[in-house]
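Peer 1: Data: data20.cif, mmCIF, C-alpha atoms.
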data_structure
#
loop_
_atom_site.label_atom_id
_atom_site.label_comp_id
_atom_site.auth_asym_id
_atom_site.auth_seq_id
_atom_site.Cartn_x
_atom_site.Cartn_y
_atom_site.Cartn_z
CA MET I 1 97.73 81.00 99.84
CA LYS I 2 95.35 78.06 99.61
CA ARG I 3 91.70 78.25 100.64
CA LEU I 4 92.25 75.52 103.25
CA GLU I 5 95.06 77.52 104.88
CA ARG I 6 92.87 80.64 104.99
CA LEU I 7 90.13 78.60 106.66
CA GLN I 8 92.58 77.14 109.18
CA ARG I 9 93.86 80.60 110.11
CA SER I 10 90.31 81.89 110.51
CA ILE I 11 89.39 78.96 112.77
CA LEU I 12 92.49 79.51 114.95
CA VAL I 13 91.71 83.21 115.46
CA PHE I 14 88.09 82.62 116.41
CA TRP I 15 88.95 79.59 118.56
CA LEU I 16 91.39 81.77 120.51
CA ALA I 17 88.84 84.57 120.78
CA GLY I 18 86.25 82.12 122.12
CA ARG I 19 88.63 80.69 124.72
CA LEU I 20 89.51 84.18 125.94
CA TRP I 21 85.84 85.15 126.21
CA LEU I 22 85.07 81.99 128.21
CA LEU I 23 88.06 82.61 130.48
CA TYR I 24 86.87 86.04 131.55
CA LYS I 25 83.20 86.69 130.89
CA PRO I 26 81.10 83.86 132.38
CA GLU I 27 82.56 84.38 135.85
CA GLU I 28 82.19 88.16 135.54
CA LEU I 29 78.54 87.88 134.46
CA LEU I 30 77.78 85.36 137.22
CA ARG I 31 79.29 87.63 139.86
CA ARG I 32 77.19 90.54 138.64
CA TRP I 33 74.03 88.44 138.58
CA LEU I 34 74.64 87.09 142.10
CA ARG I 35 75.95 90.49 143.27
CA ARG I 36 79.15 88.99 144.57
CA PRO I 37 82.37 90.96 145.19
CA GLU I 38 84.70 91.67 142.31
CA ILE I 39 87.27 89.01 141.47
CA SER I 40 90.45 89.25 143.57
CA LYS I 41 93.55 90.79 142.02
CA GLU I 42 95.49 87.54 142.50
CA ARG I 43 92.89 85.50 140.64
CA LEU I 44 92.62 88.11 137.88
CA ASP I 45 96.41 88.15 137.48
CA ARG I 46 96.36 84.36 137.03
CA LYS I 47 93.70 84.70 134.35
CA HIS I 48 95.77 87.34 132.57
CA ALA I 49 98.83 85.08 132.67
CA LYS I 50 96.90 82.12 131.26
CA ALA I 51 95.35 84.28 128.52
CA ALA I 52 98.74 85.70 127.55
CA ASP I 53 100.20 82.18 127.30
CA TRP I 54 97.36 81.11 125.00
CA ILE I 55 97.87 84.18 122.79
CA LEU I 56 101.64 83.63 122.64
CA ALA I 57 101.24 79.97 121.67
CA CYS I 58 98.78 80.88 118.92
CA ALA I 59 101.07 83.63 117.63
CA LEU I 60 104.11 81.38 117.40
CA ARG I 61 102.04 78.79 115.55
CA MET I 62 100.48 81.24 113.08
CA ARG I 63 103.35 83.76 112.70
CA GLY I 64 102.60 86.74 110.46
CA VAL I 65 100.19 89.37 111.72
CA ILE I 66 99.45 87.63 115.01
CA ILE I 67 103.11 88.03 115.94
CA LYS I 68 102.93 91.73 115.06
CA MET I 69 99.73 92.12 117.07
CA CYS I 70 101.46 90.59 120.09
CA GLN I 71 104.40 92.94 119.63
CA ALA I 72 101.97 95.87 119.50
CA VAL I 73 100.22 94.71 122.69
CA ALA I 74 103.60 94.37 124.41
CA THR I 75 104.20 98.09 123.81
CA ARG I 76 100.80 99.23 125.13
CA SER I 77 101.10 98.97 128.89
CA ASP I 78 98.65 101.88 128.95
CA MET I 79 95.94 99.44 127.80
CA PHE I 80 96.96 95.91 128.79
CA PRO I 81 97.91 94.29 132.11
CA PRO I 82 101.58 93.59 132.95
CA GLU I 83 101.13 89.82 132.41
CA PHE I 84 100.27 90.47 128.75
CA VAL I 85 103.08 92.97 128.24
CA GLU I 86 105.79 90.81 129.79
CA ARG I 87 104.84 87.50 128.13
CA LEU I 88 104.17 88.89 124.68
CA LYS I 89 107.56 90.61 124.57
CA GLN I 90 108.87 87.14 123.71
CA CYS I 91 107.47 87.54 120.22
CA HIS I 92 110.41 89.79 119.37
CA ASP I 93 112.85 86.87 119.55
CA SER I 94 110.89 83.66 118.99
CA VAL I 95 110.22 83.48 115.24
CA PRO I 96 111.57 80.40 113.40
CA ALA I 97 113.13 80.91 109.95
CA LYS I 98 111.71 79.80 106.61
CA SER I 99 113.49 77.06 104.62
CA TRP I 100 116.26 77.87 102.16
CA GLU I 101 114.18 76.55 99.26
CA GLU I 102 111.39 79.03 100.01
CA VAL I 103 113.84 81.91 100.45
CA ARG I 104 115.69 81.15 97.20
CA ALA I 105 112.43 81.01 95.25
CA ALA I 106 111.30 84.34 96.75
CA VAL I 107 114.61 86.10 95.96
CA GLU I 108 114.76 84.79 92.40
CA GLY I 109 111.13 85.73 91.87
CA GLU I 110 111.87 89.34 92.84
CA LEU I 111 115.09 89.53 90.82
CA GLY I 112 113.52 87.89 87.78
CA LYS I 113 116.71 85.90 87.24
CA PRO I 114 118.74 83.06 88.85
CA LEU I 115 120.44 83.79 92.15
CA ASP I 116 123.95 83.33 90.76
CA ALA I 117 123.31 85.99 88.11
CA VAL I 118 123.50 88.61 90.88
CA PHE I 119 125.22 86.94 93.84
CA GLU I 120 128.61 85.27 93.98
CA SER I 121 127.58 83.60 97.25
CA PHE I 122 124.47 83.52 99.42
CA GLU I 123 124.37 82.08 102.95
CA HIS I 124 121.60 79.51 103.43
CA GLU I 125 121.18 80.17 107.16
CA PRO I 126 119.67 83.57 107.99
CA ILE I 127 121.33 86.22 110.12
CA ALA I 128 117.92 87.06 111.58
CA ALA I 129 114.29 85.96 111.18
CA ALA I 130 111.29 88.14 112.03
CA SER I 131 107.54 87.90 111.57
CA LEU I 132 107.39 89.24 108.00
CA ALA I 133 110.87 88.68 106.57
CA GLN I 134 114.33 87.29 107.21
CA VAL I 135 117.87 88.48 106.47
CA HIS I 136 120.71 86.55 104.82
CA ALA I 137 124.37 87.40 104.30
CA ALA I 138 125.53 87.37 100.68
CA ARG I 139 128.20 88.66 98.29
CA LEU I 140 127.43 90.41 95.01
CA ARG I 141 129.31 89.34 91.89
CA ASP I 142 131.37 92.54 92.08
CA GLY I 143 132.58 91.47 95.55
CA ARG I 144 130.49 93.78 97.74
CA GLU I 145 129.34 92.16 100.99
CA VAL I 146 125.60 92.60 101.45
CA ALA I 147 122.70 91.76 103.72
CA VAL I 148 119.58 90.59 101.87
CA LYS I 149 116.19 91.09 103.48
CA VAL I 150 113.45 89.07 101.81
CA GLN I 151 109.73 88.93 102.57
CA TYR I 152 108.16 85.56 103.22
CA PRO I 153 106.15 84.02 100.36
CA ASP I 154 102.43 84.84 100.49
CA ILE I 155 102.97 87.15 103.48
CA GLU I 156 100.78 89.94 102.04
CA GLU I 157 97.82 87.58 101.57
CA ILE I 158 98.40 86.14 105.06
CA VAL I 159 98.43 89.68 106.46
CA HIS I 160 95.14 90.58 104.77
CA THR I 161 93.51 87.33 105.92
CA ASP I 162 94.63 87.76 109.53
CA LEU I 163 93.67 91.44 109.70
CA ARG I 164 90.22 90.64 108.35
CA ASN I 165 89.76 87.86 110.91
CA MET I 166 90.97 89.99 113.80
CA ARG I 167 88.74 92.89 112.79
CA ARG I 168 85.71 90.57 112.76
CA ALA I 169 86.67 89.16 116.16
CA CYS I 170 87.06 92.68 117.60
CA ILE I 171 83.68 93.78 116.24
CA ILE I 172 81.97 90.73 117.75
CA TYR I 173 83.77 91.30 121.07
CA GLU I 174 82.73 94.96 121.24
CA TRP I 175 79.15 94.01 120.32
CA PHE I 176 78.88 91.46 123.17
CA ASP I 177 80.88 93.28 125.86
CA THR I 178 79.27 96.17 127.74
CA ASP I 179 82.62 97.79 128.61
CA PRO I 180 85.11 96.63 125.98
CA LEU I 181 88.74 97.56 125.49
CA GLU I 182 89.05 99.76 122.43
CA LEU I 183 90.87 97.23 120.27
CA LEU I 184 89.77 98.45 116.84
CA PRO I 185 91.87 101.65 116.99
CA LEU I 186 94.88 99.51 117.94
CA LEU I 187 94.15 97.21 115.00
CA THR I 188 93.85 100.21 112.66
CA GLU I 189 97.22 101.47 113.91
CA LEU I 190 98.72 98.01 113.39
CA THR I 191 97.35 97.91 109.83
CA THR I 192 99.09 101.20 109.08
CA HIS I 193 102.39 100.02 110.54
CA LEU I 194 102.21 96.73 108.65
CA GLY I 195 101.74 98.68 105.44
CA TYR I 196 104.98 100.50 106.23
CA GLU I 197 106.90 97.32 107.05
CA LEU I 198 105.74 95.43 103.95
CA ASP I 199 106.95 98.19 101.64
CA PHE I 200 110.71 97.78 101.35
CA GLU I 201 110.91 100.68 98.90
CA ARG I 202 109.55 102.93 101.64
CA GLU I 203 112.06 101.41 104.07
CA ALA I 204 114.89 102.23 101.66
CA ARG I 205 113.67 105.84 101.34
CA SER I 206 113.38 106.13 105.13
CA GLY I 207 116.91 104.86 105.60
CA LEU I 208 118.19 107.36 103.04
CA ARG I 209 116.33 110.18 104.80
CA VAL I 210 117.98 109.32 108.13
CA LYS I 211 121.35 108.86 106.40
CA GLU I 212 121.10 112.39 104.99
CA LEU I 213 120.15 113.71 108.42
CA PHE I 214 123.49 112.46 109.77
CA ALA I 215 125.58 113.13 106.66
CA GLU I 216 127.97 115.39 108.60
CA ASN I 217 128.02 113.27 111.76
CA ASP I 218 131.05 110.98 112.07
CA HIS I 219 129.46 108.97 114.88
CA VAL I 220 126.30 107.73 113.10
CA LYS I 221 126.20 105.30 110.17
CA VAL I 222 123.22 104.11 108.12
CA PRO I 223 124.02 101.30 105.63
CA ASP I 224 123.64 101.99 101.91
CA VAL I 225 120.80 100.32 99.98
CA TYR I 226 121.60 98.94 96.54
CA THR I 227 118.46 100.01 94.72
CA GLU I 228 119.40 98.27 91.45
CA TRP I 229 118.74 94.90 93.16
CA SER I 230 115.99 96.00 95.59
CA THR I 231 112.22 95.84 95.12
CA LYS I 232 109.12 96.32 97.25
CA ARG I 233 109.71 92.81 98.69
CA LEU I 234 113.50 92.52 98.51
CA LEU I 235 116.11 94.77 100.12
CA VAL I 236 119.80 94.43 99.29
CA MET I 237 121.91 96.49 101.69
CA GLU I 238 125.52 97.16 102.55
CA ARG I 239 126.57 94.59 105.13
CA VAL I 240 127.99 96.17 108.25
CA SER I 241 129.33 94.74 111.47
CA GLY I 242 129.90 96.00 114.96
CA MET I 243 129.51 95.31 118.63
CA LYS I 244 126.10 94.88 120.17
CA ILE I 245 125.02 98.16 121.73
CA THR I 246 124.61 96.45 125.11
CA ASP I 247 127.99 94.64 125.12
CA VAL I 248 129.74 96.92 127.59
CA ASP I 249 132.78 94.61 127.95
CA ALA I 250 133.46 94.59 124.20
CA ILE I 251 132.96 98.36 124.03
CA ARG I 252 135.51 98.93 126.80
CA ALA I 253 137.90 96.40 125.23
CA ALA I 254 137.78 98.48 122.02
CA GLY I 255 138.99 101.49 124.02
CA ILE I 256 135.64 103.27 123.87
CA ASP I 257 134.13 104.97 126.90
CA PRO I 258 130.55 103.62 127.31
CA ALA I 259 129.52 107.14 128.37
CA ASP I 260 130.45 108.35 124.86
CA VAL I 261 128.22 105.65 123.36
CA VAL I 262 125.31 106.82 125.53
CA GLN I 263 125.93 110.40 124.41
CA ASP I 264 126.03 109.43 120.72
CA LEU I 265 122.87 107.34 121.09
CA MET I 266 120.98 110.16 122.81
CA ASP I 267 122.23 112.78 120.34
CA ALA I 268 121.03 110.63 117.43
CA TYR I 269 117.53 110.00 118.75
CA VAL I 270 116.99 113.51 120.09
CA ARG I 271 117.95 114.84 116.66
CA MET I 272 115.57 112.44 114.91
CA ILE I 273 112.61 112.85 117.28
CA LEU I 274 112.76 116.40 118.59
CA ALA I 275 114.53 118.23 115.77
CA ALA I 276 113.72 116.38 112.52
CA GLY I 277 110.39 114.83 113.57
CA PHE I 278 111.26 111.61 111.73
CA PHE I 279 112.75 108.61 113.50
CA GLN I 280 113.45 104.90 113.53
CA ALA I 281 110.58 103.87 115.81
CA ASP I 282 111.53 100.28 116.59
CA PRO I 283 114.97 100.33 118.22
CA HIS I 284 116.19 97.20 120.00
CA PRO I 285 119.60 95.61 120.65
CA GLY I 286 119.35 93.69 117.37
CA ASN I 287 119.35 96.78 115.16
CA LEU I 288 121.79 99.03 117.01
CA MET I 289 125.55 98.41 116.91
CA ILE I 290 128.75 100.29 117.63
CA THR I 291 131.99 99.93 115.62
CA GLU I 292 135.55 100.05 116.95
CA ASP I 293 135.75 103.55 115.41
CA ARG I 294 132.80 104.60 117.62
CA GLU I 295 130.28 104.72 114.80
CA LEU I 296 126.72 104.12 115.92
CA ILE I 297 125.07 101.86 113.31
CA LEU I 298 121.32 102.25 112.82
CA LEU I 299 119.56 99.33 111.10
CA ASP I 300 116.00 98.48 110.04
CA PHE I 301 113.83 101.42 109.02
CA GLY I 302 110.68 99.41 108.32
CA LEU I 303 108.84 101.17 111.13
CA SER I 304 109.99 104.74 110.62
CA LYS I 305 107.58 107.40 111.78
CA GLU I 306 106.95 111.00 110.82
CA LEU I 307 105.71 113.09 113.73
CA PRO I 308 103.20 115.93 113.30
CA GLU I 309 104.72 119.36 112.82
CA GLY I 310 105.57 120.92 116.17
CA TYR I 311 105.46 117.62 118.06
CA GLY I 312 109.04 118.00 119.22
CA LEU I 313 108.20 121.36 120.76
CA GLY I 314 105.20 119.78 122.55
CA LEU I 315 107.44 117.07 123.99
CA PHE I 316 109.94 119.68 125.15
CA GLU I 317 107.15 121.67 126.83
CA LEU I 318 105.95 118.55 128.64
CA MET I 319 109.46 117.76 129.87
CA PHE I 320 110.13 121.35 130.94
CA SER I 321 106.80 121.60 132.77
CA LEU I 322 107.55 118.36 134.62
CA MET I 323 110.96 119.71 135.56
CA THR I 324 109.60 123.05 136.82
CA LEU I 325 106.38 121.54 138.28
CA ASN I 326 104.29 124.00 136.27
CA GLU I 327 100.87 122.34 136.35
CA ALA I 328 99.19 124.70 133.89
CA ALA I 329 101.96 123.98 131.39
CA MET I 330 101.63 120.23 132.01
CA ILE I 331 97.95 120.32 131.12
CA ARG I 332 98.61 122.39 128.00
CA ALA I 333 101.42 120.06 126.88
CA PHE I 334 99.31 116.90 127.29
CA GLN I 335 96.53 118.48 125.23
CA GLU I 336 98.95 119.68 122.52
CA LEU I 337 100.34 116.16 122.27
CA GLY I 338 96.87 114.77 121.52
CA PHE I 339 95.71 113.28 124.83
CA GLU I 340 91.96 113.21 125.42
CA THR I 341 89.74 112.30 128.38
CA LYS I 342 86.16 111.04 128.49
CA THR I 343 84.96 113.95 130.59
CA GLY I 344 87.34 116.66 129.47
CA ASP I 345 88.51 116.92 133.08
CA THR I 346 92.09 118.23 132.98
CA ASP I 347 92.78 117.06 136.55
CA THR I 348 93.41 113.62 135.04
CA TYR I 349 96.56 114.94 133.37
CA LEU I 350 97.84 116.24 136.69
CA PHE I 351 97.21 112.87 138.31
CA ILE I 352 99.18 111.17 135.54
CA ALA I 353 102.04 113.66 135.87
CA ARG I 354 102.20 113.22 139.65
CA ARG I 355 102.27 109.44 139.26
CA MET I 356 105.22 109.76 136.88
CA LEU I 357 107.11 112.14 139.16
CA ARG I 358 106.76 110.00 142.25
CA ARG I 359 109.29 107.66 140.62
CA SER I 360 111.84 110.47 140.77
CA ASP I 361 114.06 110.90 143.84
CA THR I 362 113.59 114.68 143.71
CA GLY I 363 109.89 114.70 142.89
CA SER I 364 110.50 116.47 139.58
CA PHE I 365 111.61 115.48 136.08
CA GLU I 366 115.40 115.34 135.75
CA GLY I 367 115.67 114.85 132.00
CA GLU I 368 115.36 111.08 131.74
CA PHE I 369 112.28 109.03 130.87
CA THR I 370 113.31 106.00 132.91
CA GLU I 371 111.61 102.65 132.36
CA GLU I 372 110.08 102.98 135.84
CA MET I 373 108.73 106.45 135.06
CA THR I 374 107.29 105.32 131.73
CA ASP I 375 105.71 102.24 133.34
CA GLU I 376 104.17 104.47 136.01
CA LEU I 377 102.82 106.79 133.32
CA PHE I 378 101.09 103.96 131.46
CA ASP I 379 99.84 102.36 134.68
CA ALA I 380 98.22 105.67 135.61
CA ILE I 381 96.68 105.98 132.15
CA ARG I 382 95.28 102.44 132.31
CA GLU I 383 93.63 103.18 135.66
CA ASN I 384 92.07 106.52 134.66
CA PRO I 385 89.57 107.74 132.07
CA VAL I 386 91.98 108.59 129.28
CA VAL I 387 90.11 107.83 126.09
CA ARG I 388 92.94 108.21 123.62
CA VAL I 389 96.67 108.09 124.08
CA PRO I 390 98.16 109.21 120.76
CA SER I 391 100.13 106.44 119.10
CA ASP I 392 102.93 108.90 118.35
CA PHE I 393 103.40 109.44 122.09
CA VAL I 394 103.41 105.69 122.73
CA LEU I 395 106.15 105.17 120.14
CA VAL I 396 108.24 108.06 121.44
CA GLY I 397 107.75 106.98 125.04
CA ARG I 398 108.80 103.44 124.17
CA VAL I 399 111.95 104.72 122.42
CA PHE I 400 113.03 106.94 125.32
CA SER I 401 112.30 104.17 127.81
CA PHE I 402 114.43 101.78 125.74
CA LEU I 403 117.25 104.33 125.55
CA SER I 404 117.12 104.69 129.33
CA GLY I 405 117.53 100.93 129.73
CA ILE I 406 120.48 100.88 127.31
CA ALA I 407 122.11 103.85 129.05
CA HIS I 408 121.83 102.19 132.46
CA SER I 409 123.34 98.96 131.12
CA LEU I 410 126.30 101.07 129.93
CA GLY I 411 126.58 102.83 133.27
CA GLY I 412 125.07 106.15 132.16
CA ARG I 413 121.82 108.09 131.98
CA ALA I 414 119.64 108.83 128.96
CA ASN I 415 119.13 112.52 129.72
CA VAL I 416 117.00 114.00 126.94
CA LEU I 417 117.35 117.60 128.07
CA ALA I 418 121.14 117.32 128.32
CA ALA I 419 121.32 115.86 124.80
CA MET I 420 119.34 118.80 123.41
CA GLY I 421 121.25 121.41 125.40
CA ALA I 422 118.16 122.08 127.61
CA GLY I 423 116.75 124.29 124.88
CA PRO I 424 113.64 123.83 122.73
CA PRO I 425 114.08 122.05 119.39
CA GLY I 426 114.47 124.24 116.42
#
Show how you would write the structure in this file as structure tokens.
Peer 2:
Amino acid sequence: MKRLERLQRSILVFWLAGRLWLLYKPEELLRRWLRRPEISKERLDRKHAKAADWILACALRMRGVIIKMCQAVATRSDMFPPEFVERLKQCHDSVPAKSWEEVRAAVEGELGKPLDAVFESFEHEPIAAASLAQVHAARLRDGREVAVKVQYPDIEEIVHTDLRNMRRACIIYEWFDTDPLELLPLLTELTTHLGYELDFEREARSGLRVKELFAENDHVKVPDVYTEWSTKRLLVMERVSGMKITDVDAIRAAGIDPADVVQDLMDAYVRMILAAGFFQADPHPGNLMITEDRELILLDFGLSKELPEGYGLGLFELMFSLMTLNEAAMIRAFQELGFETKTGDTDTYLFIARRMLRRSDTGSFEGEFTEEMTDELFDAIRENPVVRVPSDFVLVGRVFSFLSGIAHSLGGRANVLAAMGAGPPG
């Protein structure tokens, strides 16, 4: 990465930070000085929308870490306004691919030999392109069909440059602002996750771990990784195909009951999260498929997460307390899961729980973390003095909310308690 490019990336980050500060702070300071009423919600929403558009445009121009930061923000509705969350979700699908020349050079550099020494054929156009890597279809010289995931050239240096710039911007922001958002912990969390996603050897081990978890399950498939051709920056995997998990018409046409797909999906994630404490933490319709033999295909283990010991039991206790309306158990479960408040006032947890439950027709938890219930949870957290929402809970909440959306699109319900037999994990 050239010095000029590093300078350009630094300038873009600080230019964006300056524009955001000028959008919000001068008016806020002037209102305080003149003792005028707080800005109206409508005007504040327009500011949020404009800020989110600026951030999205910058991310799509810079790619790399800025894209990942936007994706992280889009999952933290407990911290950021809806305008940010909704607009920045676009970063999941809006990343242009690198040129074939760059990809070929990167693959050959990792293999240490010409492309045709390993591959009989290699598609120039990618199957998918993300912020850190892209995937191409290929065929090994022994005839095996594979998917090749290759990191972008110089991506590690770009990551380090962007993280350093964002950390500086966050420090300056917190120094100037009297009541800042706590962005540094989010950046630290992002740094950890990026470390996971840049290490393809870890991704291969994670995939193997999940594969072993479902070794005796005929309804879950994890593609093999061909380690003899894989490195820390190159992943050569068994190529698999199937129907998109949300394509209900294709699923029915294959003679599969969509309700069975929902059941298999819930069984898989309940087993990973609540029983094994290790799960694929970034599910989306692009990395979940179903075959005509009703095999659920799990792809992409770059962001796989190990939960603390006993976390599954804590989640079960929270769900059971919400179902039975046991307030003492709710408080205990929130604390065991790592929630903290500024004052230590446990009534905050009850307020959050009641906000969640008001989205239920019965006023109690019925086994499904619906998208509406999860949104209500994070809205309540954003409005109240919760100092720290554990990142593990955010990831799990996002997964269950996603599963609920998938289940509804297939005409079913993502009932966690039903999938685990309404008994604690063990």
Peer 1: Any chance you could resolve the PyMOL selection byres ((chain I and resi 349-360) around 12) against this file and give the residues as a PyMOL selection string?
Peer 2: chain I and resi 78+318-319+321-335+337-341+343-348+361-386+389
Peer 1: Set the distance at 12 Å and use only C-alpha atoms: which residues neighbour Tyr311 (chain I) once local chain neighbours fewer than 4 positions away are removed? I'd like the list as an NGL selection string.
Peer 2: :I and (272-278 or 306-307 or 315-318 or 333-338 or 390 or 392-393 or 396 or 424-426)
Peer 1: Mind listing as a PDB file with C-alpha atoms, keeping the file's coordinate frame all residues within 8 Å of (127.1, 103.9, 117.0), counting only C-alpha atoms?
Peer 2:
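Result went into selection-v9.pdb, see below:
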ATOM      1  CA  HIS I 219     129.460 108.970 114.880  1.00  0.00           C
ATOM      2  CA  VAL I 220     126.300 107.730 113.100  1.00  0.00           C
ATOM      3  CA  LYS I 221     126.200 105.300 110.170  1.00  0.00           C
ATOM      4  CA  ILE I 245     125.020  98.160 121.730  1.00  0.00           C
ATOM      5  CA  VAL I 261     128.220 105.650 123.360  1.00  0.00           C
ATOM      6  CA  ASP I 264     126.030 109.430 120.720  1.00  0.00           C
ATOM      7  CA  LEU I 265     122.870 107.340 121.090  1.00  0.00           C
ATOM      8  CA  LEU I 288     121.790  99.030 117.010  1.00  0.00           C
ATOM      9  CA  MET I 289     125.550  98.410 116.910  1.00  0.00           C
ATOM     10  CA  ILE I 290     128.750 100.290 117.630  1.00  0.00           C
ATOM     11  CA  THR I 291     131.990  99.930 115.620  1.00  0.00           C
ATOM     12  CA  ARG I 294     132.800 104.600 117.620  1.00  0.00           C
ATOM     13  CA  GLU I 295     130.280 104.720 114.800  1.00  0.00           C
ATOM     14  CA  LEU I 296     126.720 104.120 115.920  1.00  0.00           C
ATOM     15  CA  ILE I 297     125.070 101.860 113.310  1.00  0.00           C
ATOM     16  CA  LEU I 298     121.320 102.250 112.820  1.00  0.00           C
TER      17      LEU I 298
END
Peer 1: Quick check, in Å to one decimal: how far apart do CA of Trp100 (chain I) and CA of His136 (chain I) lie?
Peer 2: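 Those two atoms sit 10.1 Å apart.
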Peer 1: Taking all atoms listed in the file into account, which of I:Tyr173, I:Tyr152, I:Phe400, I:Phe320 comes nearest Lys25 (chain I)?
Peer 2: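 Of the candidates, the smallest distance to Lys25 (chain I) is held by I:Tyr173.
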